[in-house]
Structures are given as structure tokens and as C-alpha cells.
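This report refers to the structure that appears directly beneath it.
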Amino acid sequence: MYNIKQWRHVFKLDPAKTISDNDLDAICMSNTDAIILGGTDNVTEDNVIQLMSRVRRYPLPLVLEVSNIESVMPGFDFYFIPTVLNSNNVKYHNGMLLEALKEYGHVIDFDEVIFEGYLVMNEDSKVAQRTNANTQLDINDIDAYALMANELYRFPIMYLENSGKYGEVDTVKSVKDTLTTTQLFYGGGITTLSQAKEMAEYADTIVVGDIIYKDIKKALKTVKVKESSK
Ligand code: 1GP
């Protein structure tokens, strides 16, 4: 079985966006550790199944990061379930989970389900707006959330989500210093190998998304972060 703890670099593909067969081939053959399918808007059963079947031709771990109940389906190696720690809407803490468990609780294989403590940092991102996240956080707030994730909820993963904007490396370092068992994912605005390396210095796993759709060559170069030691 795949070991998520060893993942250093993952690509996140948005089922609502178009990607050519050539670009998808390059992403899947790039030596990245895993592919996550996930997005905020217009993620549907239809576009998830389409993209899943295209990525499934390649022998690498495939994750669905669940953003709505309608688009969940069998066939993935893992299901990452975000709970947005700084959302002001209970739906994004456990409201959707409650609905999902009522409907599908008896058929879920919980060995495939990974609970992610999400901290949404970029106030201009779609995910911040959708989840009504309080992004006005200072470093004390962020460290306290990291403690909460590591010591209280004991999440397997804490995800610093800076979607669309390169974040502050000091914040990532501070969170990493607080976490002892929870694995730290960082995603947001990584477009170059040097940014990938900078964040991977502290984050256990970096996530590269949007640049795939803007400049595939640049996206592919970020995978070289795996060659640098931690
Ligand atoms: C988005 O964290 C990921 O959920 C990656 O962010 O799209 O900005 O690379 P980018």
C-alpha cells in the first residue's frame, strides 16, 4: 500500500479544468509522488469520473480531495476529507461530513479516508470565500491552530492552503516547528523549483496546482524538489 508520509511532491488537478492528453501524460510520468483531484467550483460526478479514468492508466497513487458529496465515487486509493479549521460556517467543519456519514457511513472503508485539518490563508481565494474563512490570522493564531491539529484533533495531515498565492515561508516553518506527528502539506502559488525547495524545506509535502494549467513546463520542473534532501 502507498505510504502518504513519504510523499514530498504532489500535483493537484482540478476536474473542472481542461488538460490535454499530452500534458496529463507528462504530469503522471513526472516522478511526482501522487495525484490529487480537487477543486472548489464545478466539481461534478461527471468531470471527476472522466479525469479519474484518464489518470488511472498510470501506476501512481490517486486521491480524491472531497469538496462535495455529489462527486464522491469509488475507485480512488485515498479520500482526503478537509475540515476547515478557520471557517465560520459549520458546514465546512463537520456539517458536510454529517450528511455524508448519514448517507454512506455504512459503505465507507475508513482505511482509505484521511482527515485533513485545513487552514485557509489567502483571503482572495475561491476556497476562502466559499468557506467563509477568517484569514486575518497572526502567527500566534496559526501556531495555536497547529497545536490544535497536532495535539487535540491529532489529524494525520494539516494543510496550509494558500491557493493561488505564494505564502510566507516563516509561517510554514513556524507550523512545522509546532507539529510533531501531524504531516504538513503546503499548497499555494508554487510556480518554480526554487519556491518548491523553499517550502519543502519545512513542509513535509508540497502541492502544485494552478501552474499546471498556465505553464506545464514550469510545473514539471517543480518535481525536481524530490532530488534535494530535507
Ligand atoms: C490548491 O493548494 C493547492 O488547493 C495548490 O495551490 O493552485 O496555487 O498551486 P496552487
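Residue numbers start at 1 in each chain; chains themselves are named A, B, ... in the order of the C-alpha cells; ligands are numbered from 1 in the order shown.
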- [ ] Write out as a ChimeraX atom specification the residues lying within 9 Å of Ile19 in chain A, counting only C-alpha atoms and excluding same-chain residues fewer than 5 positions away.
- [x] /A:13,24,212-213
Non-local contacts of His93 in chain A (12 Å; only C-alpha atoms; under 3 positions in same chain excluded) as an mmCIF file with N, CA and C atoms, in the first residue's frame:
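The new file out.cif reads:
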data_model
loop_
_atom_site.group_PDB
_atom_site.id
_atom_site.type_symbol
_atom_site.label_atom_id
_atom_site.label_comp_id
_atom_site.auth_asym_id
_atom_site.auth_seq_id
_atom_site.Cartn_x
_atom_site.Cartn_y
_atom_site.Cartn_z
ATOM 1 N N ILE A 81 -10.392 14.233 3.330
ATOM 2 C CA ILE A 81 -11.582 14.975 3.744
ATOM 3 C C ILE A 81 -11.126 16.219 4.496
ATOM 4 N N PRO A 82 -11.288 17.380 3.882
ATOM 5 C CA PRO A 82 -10.860 18.584 4.592
ATOM 6 C C PRO A 82 -11.874 19.021 5.641
ATOM 7 N N THR A 83 -11.360 19.486 6.757
ATOM 8 C CA THR A 83 -12.209 20.226 7.688
ATOM 9 C C THR A 83 -11.510 21.574 7.872
ATOM 10 N N VAL A 84 -12.223 22.635 7.578
ATOM 11 C CA VAL A 84 -11.585 23.958 7.517
ATOM 12 C C VAL A 84 -11.623 24.579 8.911
ATOM 13 N N LEU A 85 -10.449 24.578 9.542
ATOM 14 C CA LEU A 85 -10.373 24.981 10.953
ATOM 15 C C LEU A 85 -10.778 26.436 11.160
ATOM 16 N N ASN A 86 -10.491 27.287 10.174
ATOM 17 C CA ASN A 86 -10.807 28.713 10.348
ATOM 18 C C ASN A 86 -12.038 29.142 9.547
ATOM 19 N N SER A 87 -12.900 28.191 9.223
ATOM 20 C CA SER A 87 -14.160 28.553 8.571
ATOM 21 C C SER A 87 -15.157 29.031 9.622
ATOM 22 N N ASN A 88 -15.960 30.004 9.227
ATOM 23 C CA ASN A 88 -17.028 30.466 10.128
ATOM 24 C C ASN A 88 -18.339 29.729 9.873
ATOM 25 N N ASN A 89 -18.288 28.733 9.016
ATOM 26 C CA ASN A 89 -19.509 28.019 8.654
ATOM 27 C C ASN A 89 -19.359 26.549 9.063
ATOM 28 N N VAL A 90 -20.247 26.090 9.917
ATOM 29 C CA VAL A 90 -20.119 24.734 10.463
ATOM 30 C C VAL A 90 -20.190 23.668 9.368
ATOM 31 N N MET A 96 -20.940 18.892 6.340
ATOM 32 C CA MET A 96 -20.995 18.014 5.158
ATOM 33 C C MET A 96 -20.693 16.573 5.546
ATOM 34 N N LEU A 97 -19.779 16.433 6.512
ATOM 35 C CA LEU A 97 -19.436 15.083 6.977
ATOM 36 C C LEU A 97 -20.638 14.388 7.567
ATOM 37 N N LEU A 98 -21.411 15.137 8.328
ATOM 38 C CA LEU A 98 -22.598 14.551 8.946
ATOM 39 C C LEU A 98 -23.538 14.014 7.871
ATOM 40 N N PHE A 115 -8.320 12.369 7.208
ATOM 41 C CA PHE A 115 -8.909 13.630 7.661
ATOM 42 C C PHE A 115 -7.829 14.716 7.639
ATOM 43 N N GLU A 116 -8.122 15.830 6.979
ATOM 44 C CA GLU A 116 -7.137 16.914 6.853
ATOM 45 C C GLU A 116 -7.626 18.133 7.623
ATOM 46 N N GLY A 117 -6.802 18.643 8.499
ATOM 47 C CA GLY A 117 -7.091 19.932 9.126
ATOM 48 C C GLY A 117 -6.611 21.032 8.188
ATOM 49 N N TYR A 118 -7.551 21.764 7.626
ATOM 50 C CA TYR A 118 -7.230 22.780 6.618
ATOM 51 C C TYR A 118 -7.137 24.143 7.279
ATOM 52 N N LEU A 119 -6.126 24.907 6.918
ATOM 53 C CA LEU A 119 -6.083 26.306 7.311
ATOM 54 C C LEU A 119 -6.011 27.124 6.027
ATOM 55 N N THR A 131 -15.765 29.043 1.898
ATOM 56 C CA THR A 131 -15.872 28.506 3.259
ATOM 57 C C THR A 131 -16.038 29.605 4.307
ATOM 58 N N ASN A 132 -16.076 30.841 3.837
ATOM 59 C CA ASN A 132 -16.187 31.975 4.755
ATOM 60 C C ASN A 132 -15.119 31.875 5.851
ATOM 61 N N ALA A 133 -13.875 31.754 5.378
ATOM 62 C CA ALA A 133 -12.755 31.553 6.301
ATOM 63 C C ALA A 133 -12.280 32.882 6.881
#
- [ ] Taking only C-alpha atoms and all ligand atoms into account, report as a ChimeraX atom specification which residues have an atom no farther than 7 Å from an atom of ligand 1.
- [x] /A:12,39,161-165,186-190,207-211
Please write the residues from the selection above to a file, keeping N, CA, C and O atoms, as a tab-separated table (two decimals), in the first residue's frame.
chain	number	residue	atom	x	y	z
A	12	LYS	N	-1.93	18.68	-7.91
A	12	LYS	CA	-3.37	18.71	-7.71
A	12	LYS	C	-4.04	19.13	-9.02
A	12	LYS	O	-3.78	20.22	-9.54
A	39	GLY	N	-10.96	20.55	-6.29
A	39	GLY	CA	-11.23	21.92	-6.72
A	39	GLY	C	-12.35	22.49	-5.89
A	39	GLY	O	-12.93	21.79	-5.05
A	161	GLU	N	-3.28	26.04	3.25
A	161	GLU	CA	-3.85	26.26	1.91
A	161	GLU	C	-3.78	27.74	1.56
A	161	GLU	O	-4.52	28.56	2.09
A	162	ASN	N	-2.81	28.04	0.68
A	162	ASN	CA	-2.62	29.42	0.28
A	162	ASN	C	-3.05	29.62	-1.18
A	162	ASN	O	-2.64	30.59	-1.83
A	163	SER	N	-3.85	28.71	-1.64
A	163	SER	CA	-4.29	28.61	-3.04
A	163	SER	C	-4.20	29.91	-3.86
A	163	SER	O	-4.82	30.90	-3.53
A	164	GLY	N	-3.38	29.85	-4.92
A	164	GLY	CA	-3.29	30.98	-5.84
A	164	GLY	C	-2.26	32.03	-5.48
A	164	GLY	O	-2.00	32.94	-6.27
A	165	LYS	N	-1.64	31.90	-4.31
A	165	LYS	CA	-0.70	32.96	-3.89
A	165	LYS	C	0.45	32.32	-3.12
A	165	LYS	O	0.20	31.54	-2.18
A	186	TYR	N	1.82	21.87	2.30
A	186	TYR	CA	1.69	23.29	1.91
A	186	TYR	C	1.32	23.35	0.44
A	186	TYR	O	1.95	22.69	-0.40
A	187	GLY	N	0.31	24.17	0.12
A	187	GLY	CA	-0.03	24.43	-1.28
A	187	GLY	C	-0.39	25.88	-1.46
A	187	GLY	O	-1.00	26.51	-0.59
A	188	GLY	N	0.03	26.43	-2.61
A	188	GLY	CA	-0.33	27.81	-2.91
A	188	GLY	C	0.76	28.56	-3.64
A	188	GLY	O	1.82	28.82	-3.08
A	189	GLY	N	0.52	28.83	-4.92
A	189	GLY	CA	1.36	29.75	-5.68
A	189	GLY	C	2.74	29.24	-6.02
A	189	GLY	O	3.60	30.03	-6.42
A	190	ILE	N	3.00	27.96	-5.89
A	190	ILE	CA	4.32	27.45	-6.26
A	190	ILE	C	4.40	27.35	-7.78
A	190	ILE	O	3.60	26.64	-8.40
A	207	VAL	N	2.25	20.92	-2.56
A	207	VAL	CA	1.19	20.67	-3.54
A	207	VAL	C	1.29	21.74	-4.63
A	207	VAL	O	1.35	22.93	-4.33
A	208	VAL	N	1.34	21.28	-5.88
A	208	VAL	CA	1.44	22.20	-7.02
A	208	VAL	C	0.18	22.04	-7.86
A	208	VAL	O	-0.16	20.92	-8.28
A	209	GLY	N	-0.51	23.16	-8.08
A	209	GLY	CA	-1.79	23.10	-8.77
A	209	GLY	C	-1.85	23.97	-10.02
A	209	GLY	O	-1.54	23.53	-11.13
A	210	ASP	N	-2.19	25.22	-9.81
A	210	ASP	CA	-2.58	26.09	-10.90
A	210	ASP	C	-1.57	26.23	-12.05
A	210	ASP	O	-1.95	26.35	-13.22
A	211	ILE	N	-0.29	26.17	-11.72
A	211	ILE	CA	0.74	26.38	-12.76
A	211	ILE	C	0.67	25.27	-13.83
A	211	ILE	O	1.10	25.48	-14.98
TODO: Name the residues of chain A that fall into strand (DSSP E or B) according to DSSP on the backbone, using the chain letters and numbers of this document, as a PyMOL selection string.
DONE: chain A and resi 9-13+34-37+62-65+78-84+87+113-120+133+157-161+183-187+205-208
- [ ] Write down as a PyMOL selection string the residues belonging to range 79-150 of chain A that are assigned alpha helix (DSSP H) by DSSP computed on the backbone.
- [x] chain A and resi 95-104+126-131+139-147
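Residues in contact with Ala149 in chain A at up to 7 Å, not including ones fewer than 5 positions away on its chain and judged by only C-alpha atoms, are A:Gly117, A:Arg154, A:Phe155, A:Met158.
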Output for the residues just chosen: N, CA, C and O atoms as a PDB file, in the first residue's frame:
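Output (selection33.pdb):
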ATOM      1  N   GLY A 117      -6.802  18.643   8.499  1.00  0.00           N
ATOM      2  CA  GLY A 117      -7.091  19.932   9.126  1.00  0.00           C
ATOM      3  C   GLY A 117      -6.611  21.032   8.188  1.00  0.00           C
ATOM      4  O   GLY A 117      -5.419  21.175   7.953  1.00  0.00           O
ATOM      5  N   ARG A 154      -5.437  15.609  16.531  1.00  0.00           N
ATOM      6  CA  ARG A 154      -4.476  14.570  16.094  1.00  0.00           C
ATOM      7  C   ARG A 154      -4.715  14.155  14.643  1.00  0.00           C
ATOM      8  O   ARG A 154      -4.794  12.966  14.302  1.00  0.00           O
ATOM      9  N   PHE A 155      -4.835  15.178  13.823  1.00  0.00           N
ATOM     10  CA  PHE A 155      -5.025  14.923  12.387  1.00  0.00           C
ATOM     11  C   PHE A 155      -3.790  14.240  11.808  1.00  0.00           C
ATOM     12  O   PHE A 155      -2.665  14.585  12.169  1.00  0.00           O
ATOM     13  N   MET A 158      -2.084  18.252   8.330  1.00  0.00           N
ATOM     14  CA  MET A 158      -2.528  19.642   8.382  1.00  0.00           C
ATOM     15  C   MET A 158      -2.124  20.266   7.053  1.00  0.00           C
ATOM     16  O   MET A 158      -0.986  20.103   6.602  1.00  0.00           O
TER      17      MET A 158
END
- [ ] Find the residues around Phe78 in chain A up to 9 Å (only C-alpha atoms counted), leave out those fewer than 5 positions away in its own chain, and share them as a PyMOL selection string.
- [x] chain A and resi 61-65+111-114
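Here CA of Lys218 in chain A stands at a distance of 28.7 Å from CA of Thr135 in chain A.
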Open item on the list: I want to know what sits within 9 Å of Met199 in chain A, based on only C-alpha atoms, with residues of the same chain fewer than 2 positions away left out; could you give that as a ChimeraX atom specification?
Closed with: /A:167-169,172-173,186-187,190,194-197,201-206
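Here CA of Val225 in chain A and CA of Arg8 in chain A stand 7.9 Å from one another.
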